[in-house]
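Beneath this line is the structure, given in structure tokens, with notes to follow.
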Amino acid sequence: MISVTFGDKVKIGLQYILETLHGCSPFGIERIRRLKFYTPEEREALEEELYNVEGLYRHADELKSAMDKTVILLCQMKDIRNSFRRCAAGEIPDHVELFEMKGFLRRLEGILPLFEEMNEKVAFRGLSFHAPKEALAVLDPDGTGSRGFYIPDSATPKLREIRAAKKKVEEKLFHAATDAEKDELRIERTRICAEEDSEETKVRAMMGAALAPMVEDILADAENVGRLDFMIQKALFAVRYGGVRPEITDGALELVDMVNPEIVDLLSEQRRTFVPVSISLDRGATVITGANMGGKSVAMKTVALNALLFQAGFLVCAREAKMPLFCSVKMLFDDLQSIQSGLSGFGSEIVHFQKALDEVEQGYSLFLLDEFARGTNPDEGAVIVQAVTKYLGDVNAISLLTTHYDKVAEHAAAHYQIIGLRDIDPEAIRRELAHTTEDGVHVIARHMNYGLYRVVGKSDCPRDALNICRMLSLKEEILSKIEEQY
């Protein structure tokens with residue numbers, strides 16, 4: 001079972017996506033809040049969800065009016081499940097509950113023709129609704145179609161008699177001349193109101209009993225309202241960022257031109273664009289190398305994000321995708337130091353790594369390690385990451401590691417590098433910096449290529465740090481000493 005902490009959702013951009021979704025019904029909002037990840041055993045259900053979402057996405061323009069109207073009705077719904085469950089348990093619903101149950105059924109009735117309009121285009125799988133006509137007839141026996149709830153005089157002969165008697169007493173009270181006469185009529189009215197309340201309680205009990213056999217279907221409809229609500233939000237998300245339904249594989253993962261929506265939006269605010277990233281992964285360990293600020297972590301987190309989106313029934317943010325179903329997705333990112341335990345940063349890394357590895361080895365998993373062993377000195381760190389990479393090569397999982405240590409990739413099944421500043425002329429950047437007041441780091445970042453390329457043969461980490469020093473005009477004496485060491 002995939003379990004992702006709130007912190008990891010934030011780090012990879014999943015929480016950002018969830019907060020951009022505008023679930024309307026309480027049932028849809030609940031699905032977003034309690035995000036479910038499908039397991040390998042639930043492949044059929046996942047395929048059904050992806051098919052439905054893709055259909056809404058592909059026909060989003062044609063179905064815009066139907067979806068907009070559906071969303072309005074969904075926003076007007078209240079969570080009436082407990083009220084219906086009380087009916088099924090033989091309890092008597094009160095007036096407010098009957099009003100809210102009627103409201104839910106009326107809005108469901110309004111959604112049905114809109115759902116059919118969408119269904120003509122999408123041909124939904126595993127999603128349908130029961131007609132609420134019979135249940136509405138219980139709550140609106142006179143068929144008035146009113147929005148409110150009122151027990152009519154016709155509910156029982158006795159109720160008709162009681163209300164007629166109450167009306168007569170109220171008329172007399174209106175015309176009464178003396179205080180004594182008024183007091184006597186008020187006492188009489190109180191007695192009749194008590195009878196009315198007793199008879200209305202019996203009617204409410206009858207209504208609850210009449211609804212009881214329908215409760216299972218109504219609760220199923222509430223569940224499907226939540227599904228439809230969430231599907232519409234998933235489709236609209238794909239409209240905003242692009243989406244593709246992945247081909248499900250037995251093990252390999254391939255993402256072509258994948259993006260991370262949070263970073264797309266962040267760069268857009270800065271009038272910059274996200275460079276789509278492509279990667280192909282299979283069982284064993286794959287290493288991504290590159291200089292700091294080179295985008296290794298972004299690439300890894302974008303892989304994690306899209307893997308989790310897929311297993312939550314979203315179209316993934318890529319142009320093409322082939323993906324397996326994982327038993328677990330484990331991520332070891334930064335900020336692992338545990339003050340409470342008294343462990344060093346490195347000690348905390350090892351504790352988290354061992355715990356995650358135990359879970360990864362329980363079934364086919366995705367294991368992501370960002371700059372592992374950064375909490376110790378570089379010489380020891382390089383040796384440790386090399387050993388971990390070699391070990392993960394034999395684990396039944398796709399393991400992806402980012403590192404700036406040399407020689408780690410020699411122990412990996414595949415090696416990717418960030419393109420970075422490989423094709424950039426440092427002197428050209430220096431000249432640009434000499435004629436601008438813009439921050440140098442921002443200028444370099446604008447020229448940085450965050451795309452990946454697959455390395456064939458041996459290759460150490462790129463030396464972008466030296467180029468960055470040159471571009472930022474580090475003192476010549478220091479540069480010459482660095483170049484001597486290289």
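All residue names refer to the structure tokens as shown: chains lettered A, B, ... in order, residues numbered from 1 in each chain, ligands numbered from 1 in order.
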Query raised in the report: So which residues touch Lys322 in chain A within 10 Å, counting only C-alpha atoms, skipping near sequence neighbours fewer than 6 positions away, as a list of chain:residue names?
Result: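 Near Lys322 in chain A, the qualifying residues are A:Val244, A:Arg245, A:Pro246, A:Glu247, A:Ile248, A:Thr249, A:Asp250, A:Gly251, A:Ala252, A:Leu253, A:Glu254, A:Leu255, A:Val256, A:Ser280.
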Can I get the selected residues back with N, CA and C atoms, as a JSON list (two decimals), in the first residue's frame?
[["chain", "number", "residue", "atom", "x", "y", "z"],
["A", 244, "VAL", "N", -1.72, 12.59, -20.29],
["A", 244, "VAL", "CA", -1.75, 11.40, -21.13],
["A", 244, "VAL", "C", -2.06, 10.20, -20.25],
["A", 245, "ARG", "N", -2.85, 9.26, -20.81],
["A", 245, "ARG", "CA", -3.11, 8.02, -20.08],
["A", 245, "ARG", "C", -1.96, 7.07, -20.35],
["A", 246, "PRO", "N", -1.22, 6.65, -19.30],
["A", 246, "PRO", "CA", -0.05, 5.80, -19.52],
["A", 246, "PRO", "C", -0.42, 4.40, -20.01],
["A", 247, "GLU", "N", 0.49, 3.85, -20.77],
["A", 247, "GLU", "CA", 0.41, 2.42, -21.08],
["A", 247, "GLU", "C", 0.96, 1.69, -19.87],
["A", 248, "ILE", "N", 0.19, 0.75, -19.33],
["A", 248, "ILE", "CA", 0.64, 0.04, -18.12],
["A", 248, "ILE", "C", 1.57, -1.10, -18.52],
["A", 249, "THR", "N", 2.76, -1.11, -17.91],
["A", 249, "THR", "CA", 3.78, -2.11, -18.22],
["A", 249, "THR", "C", 3.95, -3.09, -17.06],
["A", 250, "ASP", "N", 4.77, -4.10, -17.30],
["A", 250, "ASP", "CA", 5.06, -5.08, -16.25],
["A", 250, "ASP", "C", 6.26, -4.68, -15.40],
["A", 251, "GLY", "N", 6.95, -3.60, -15.75],
["A", 251, "GLY", "CA", 8.10, -3.24, -14.93],
["A", 251, "GLY", "C", 8.77, -1.94, -15.32],
["A", 252, "ALA", "N", 8.88, -1.66, -16.62],
["A", 252, "ALA", "CA", 9.62, -0.48, -17.06],
["A", 252, "ALA", "C", 8.78, 0.78, -16.91],
["A", 253, "LEU", "N", 9.48, 1.91, -16.73],
["A", 253, "LEU", "CA", 8.84, 3.21, -16.61],
["A", 253, "LEU", "C", 9.49, 4.14, -17.62],
["A", 254, "GLU", "N", 8.68, 4.77, -18.43],
["A", 254, "GLU", "CA", 9.21, 5.71, -19.42],
["A", 254, "GLU", "C", 8.31, 6.94, -19.48],
["A", 255, "LEU", "N", 8.90, 8.08, -19.29],
["A", 255, "LEU", "CA", 8.18, 9.35, -19.35],
["A", 255, "LEU", "C", 8.85, 10.25, -20.37],
["A", 256, "VAL", "N", 8.09, 10.70, -21.35],
["A", 256, "VAL", "CA", 8.62, 11.57, -22.40],
["A", 256, "VAL", "C", 8.05, 12.97, -22.21],
["A", 280, "SER", "N", 13.92, 7.09, -19.00],
["A", 280, "SER", "CA", 13.48, 5.69, -19.13],
["A", 280, "SER", "C", 14.15, 4.89, -18.02]]
Report task. Looking only at alpha helix (DSSP H) from DSSP on the backbone, list the matching residues of range 138-309 of chain A as number ranges by chain. Result -> A: 138-139, 157-175, 179-211, 215-241, 261-269, 296-309
Surrounding residues of Asp370 in chain A excluding itself and chain neighbours under 6 positions, 9 Å, only C-alpha atoms, as a short mmCIF file (atom, residue, chain, number, x, y, z; two decimals) with N, CA and C atoms, in the first residue's frame:
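To be explicit, this is the file written out as around25.cif:
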data_model
loop_
_atom_site.label_atom_id
_atom_site.label_comp_id
_atom_site.auth_asym_id
_atom_site.auth_seq_id
_atom_site.Cartn_x
_atom_site.Cartn_y
_atom_site.Cartn_z
N LYS A 296 18.87 18.21 -10.78
CA LYS A 296 18.75 16.76 -10.53
C LYS A 296 17.54 16.45 -9.66
N SER A 297 17.40 17.23 -8.58
CA SER A 297 16.30 16.98 -7.65
C SER A 297 14.95 17.24 -8.30
N MET A 300 14.07 14.22 -10.38
CA MET A 300 13.66 13.09 -9.55
C MET A 300 12.25 13.32 -8.98
N LYS A 301 12.01 14.52 -8.47
CA LYS A 301 10.71 14.80 -7.87
C LYS A 301 9.60 14.78 -8.92
N MET A 331 10.47 7.76 -0.80
CA MET A 331 11.29 8.92 -1.17
C MET A 331 12.15 9.35 0.01
N LEU A 332 13.43 9.49 -0.24
CA LEU A 332 14.34 10.03 0.76
C LEU A 332 14.91 11.33 0.21
N PHE A 333 14.35 12.43 0.68
CA PHE A 333 14.79 13.73 0.22
C PHE A 333 15.58 14.43 1.32
N ASP A 334 15.68 15.75 1.25
CA ASP A 334 16.46 16.50 2.23
C ASP A 334 15.69 16.66 3.53
N LEU A 400 16.10 5.16 -8.17
CA LEU A 400 16.64 6.33 -8.85
C LEU A 400 17.37 7.19 -7.82
N LEU A 401 18.65 7.45 -8.09
CA LEU A 401 19.48 8.22 -7.17
C LEU A 401 20.03 9.44 -7.87
N THR A 402 20.05 10.57 -7.17
CA THR A 402 20.78 11.74 -7.66
C THR A 402 22.03 11.88 -6.82
N THR A 403 23.11 12.30 -7.45
CA THR A 403 24.36 12.46 -6.70
C THR A 403 25.29 13.40 -7.46
#
Query raised in the report: Which residues, written as a ChimeraX atom specification, have at least one atom at most 10 Å from range 352-354 of chain A, with only C-alpha atoms counted and residues fewer than 2 positions away on the same chain left out?
Result: /A:330-332,336-337,346-350,356-360,369,372
Report task. Using DSSP on the backbone, list every residue of range 342-441 of chain A that comes out as strand (DSSP E), and give them as a ChimeraX atom specification. Result -> /A:365-370,397-403,414-420
Query raised in the report: Near Pro113 in chain A, within 12 Å and counting only C-alpha atoms, which residues show up once chain neighbours fewer than 2 positions away are dropped, as a ChimeraX atom specification?
Result: /A:66-67,69-70,107-111,115-120,128-129,131
Output N, CA and C atoms for every residue in that selection, as a PDB file, in the first residue's frame.
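Listing of again-v3.pdb after writing:
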ATOM      1  N   ALA A  66     -22.072  21.298 -19.845  1.00  0.00           N
ATOM      2  CA  ALA A  66     -22.608  20.237 -18.982  1.00  0.00           C
ATOM      3  C   ALA A  66     -21.798  20.113 -17.700  1.00  0.00           C
ATOM      4  N   MET A  67     -20.471  20.207 -17.822  1.00  0.00           N
ATOM      5  CA  MET A  67     -19.625  20.088 -16.628  1.00  0.00           C
ATOM      6  C   MET A  67     -19.807  21.293 -15.718  1.00  0.00           C
ATOM      7  N   LYS A  69     -22.488  23.177 -15.351  1.00  0.00           N
ATOM      8  CA  LYS A  69     -23.791  23.062 -14.680  1.00  0.00           C
ATOM      9  C   LYS A  69     -23.751  21.972 -13.602  1.00  0.00           C
ATOM     10  N   THR A  70     -23.039  20.888 -13.907  1.00  0.00           N
ATOM     11  CA  THR A  70     -22.895  19.807 -12.920  1.00  0.00           C
ATOM     12  C   THR A  70     -22.162  20.308 -11.685  1.00  0.00           C
ATOM     13  N   ARG A 107     -31.058  17.671  -6.315  1.00  0.00           N
ATOM     14  CA  ARG A 107     -29.861  18.037  -7.084  1.00  0.00           C
ATOM     15  C   ARG A 107     -29.337  16.838  -7.877  1.00  0.00           C
ATOM     16  N   LEU A 108     -29.454  15.643  -7.291  1.00  0.00           N
ATOM     17  CA  LEU A 108     -29.092  14.443  -8.037  1.00  0.00           C
ATOM     18  C   LEU A 108     -29.982  14.311  -9.273  1.00  0.00           C
ATOM     19  N   GLU A 109     -31.271  14.602  -9.101  1.00  0.00           N
ATOM     20  CA  GLU A 109     -32.203  14.554 -10.230  1.00  0.00           C
ATOM     21  C   GLU A 109     -31.777  15.546 -11.314  1.00  0.00           C
ATOM     22  N   GLY A 110     -31.261  16.706 -10.895  1.00  0.00           N
ATOM     23  CA  GLY A 110     -30.785  17.701 -11.851  1.00  0.00           C
ATOM     24  C   GLY A 110     -29.517  17.282 -12.564  1.00  0.00           C
ATOM     25  N   ILE A 111     -28.686  16.496 -11.877  1.00  0.00           N
ATOM     26  CA  ILE A 111     -27.421  16.046 -12.471  1.00  0.00           C
ATOM     27  C   ILE A 111     -27.641  14.965 -13.521  1.00  0.00           C
ATOM     28  N   PHE A 115     -25.369  14.223 -16.688  1.00  0.00           N
ATOM     29  CA  PHE A 115     -24.533  13.026 -16.717  1.00  0.00           C
ATOM     30  C   PHE A 115     -24.762  12.247 -18.010  1.00  0.00           C
ATOM     31  N   GLU A 116     -26.003  12.133 -18.426  1.00  0.00           N
ATOM     32  CA  GLU A 116     -26.309  11.420 -19.668  1.00  0.00           C
ATOM     33  C   GLU A 116     -25.690  12.130 -20.869  1.00  0.00           C
ATOM     34  N   GLU A 117     -25.690  13.464 -20.831  1.00  0.00           N
ATOM     35  CA  GLU A 117     -25.049  14.238 -21.907  1.00  0.00           C
ATOM     36  C   GLU A 117     -23.556  13.937 -21.966  1.00  0.00           C
ATOM     37  N   MET A 118     -22.923  13.869 -20.788  1.00  0.00           N
ATOM     38  CA  MET A 118     -21.498  13.527 -20.745  1.00  0.00           C
ATOM     39  C   MET A 118     -21.272  12.078 -21.155  1.00  0.00           C
ATOM     40  N   ASN A 119     -22.168  11.220 -20.730  1.00  0.00           N
ATOM     41  CA  ASN A 119     -22.030   9.786 -21.003  1.00  0.00           C
ATOM     42  C   ASN A 119     -22.098   9.489 -22.501  1.00  0.00           C
ATOM     43  N   GLU A 120     -22.860  10.283 -23.251  1.00  0.00           N
ATOM     44  CA  GLU A 120     -22.952  10.079 -24.698  1.00  0.00           C
ATOM     45  C   GLU A 120     -21.594  10.247 -25.371  1.00  0.00           C
ATOM     46  N   SER A 128     -22.705   4.894 -12.699  1.00  0.00           N
ATOM     47  CA  SER A 128     -24.118   5.085 -13.027  1.00  0.00           C
ATOM     48  C   SER A 128     -24.846   5.559 -11.776  1.00  0.00           C
ATOM     49  N   PHE A 129     -26.083   6.013 -11.968  1.00  0.00           N
ATOM     50  CA  PHE A 129     -26.885   6.531 -10.863  1.00  0.00           C
ATOM     51  C   PHE A 129     -28.292   5.935 -10.911  1.00  0.00           C
ATOM     52  N   ALA A 131     -32.364   6.451 -10.405  1.00  0.00           N
ATOM     53  CA  ALA A 131     -33.329   7.553 -10.496  1.00  0.00           C
ATOM     54  C   ALA A 131     -33.886   7.846  -9.109  1.00  0.00           C
TER      55      ALA A 131
END
Requested in this report: Quick one: everything within 12 Å of Glu41 in chain A, counting only C-alpha atoms, minus sequence neighbours fewer than 5 positions away in the same chain. Send it as a VMD selection string.
Outcome: chain A and resid 1 46 to 47 311 325 to 327
Export C-alpha atoms of the chosen residues as a PDB file, in the first residue's frame?
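Heads up, here's the output in result_1.pdb:
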ATOM      1  CA  MET A   1       0.000   0.000   0.000  1.00  0.00           C
ATOM      2  CA  LEU A  46      -7.467   2.091 -12.040  1.00  0.00           C
ATOM      3  CA  GLU A  47      -7.835   1.454 -15.764  1.00  0.00           C
ATOM      4  CA  GLN A 311      -1.566   5.555  -9.226  1.00  0.00           C
ATOM      5  CA  LEU A 325       1.964  -0.258 -10.864  1.00  0.00           C
ATOM      6  CA  PHE A 326       4.116  -0.085  -7.738  1.00  0.00           C
ATOM      7  CA  CYS A 327       3.467  -1.681  -4.363  1.00  0.00           C
TER       8      CYS A 327
END
**Report entry** Contacts of Ala238 in chain A within 12 Å, only C-alpha atoms, excl. fewer than 2 positions in-chain, as a PyMOL selection string
**Finding:** chain A and resi 17+20-21+50+53-60+231-236+240-245+259+261+309+313-319
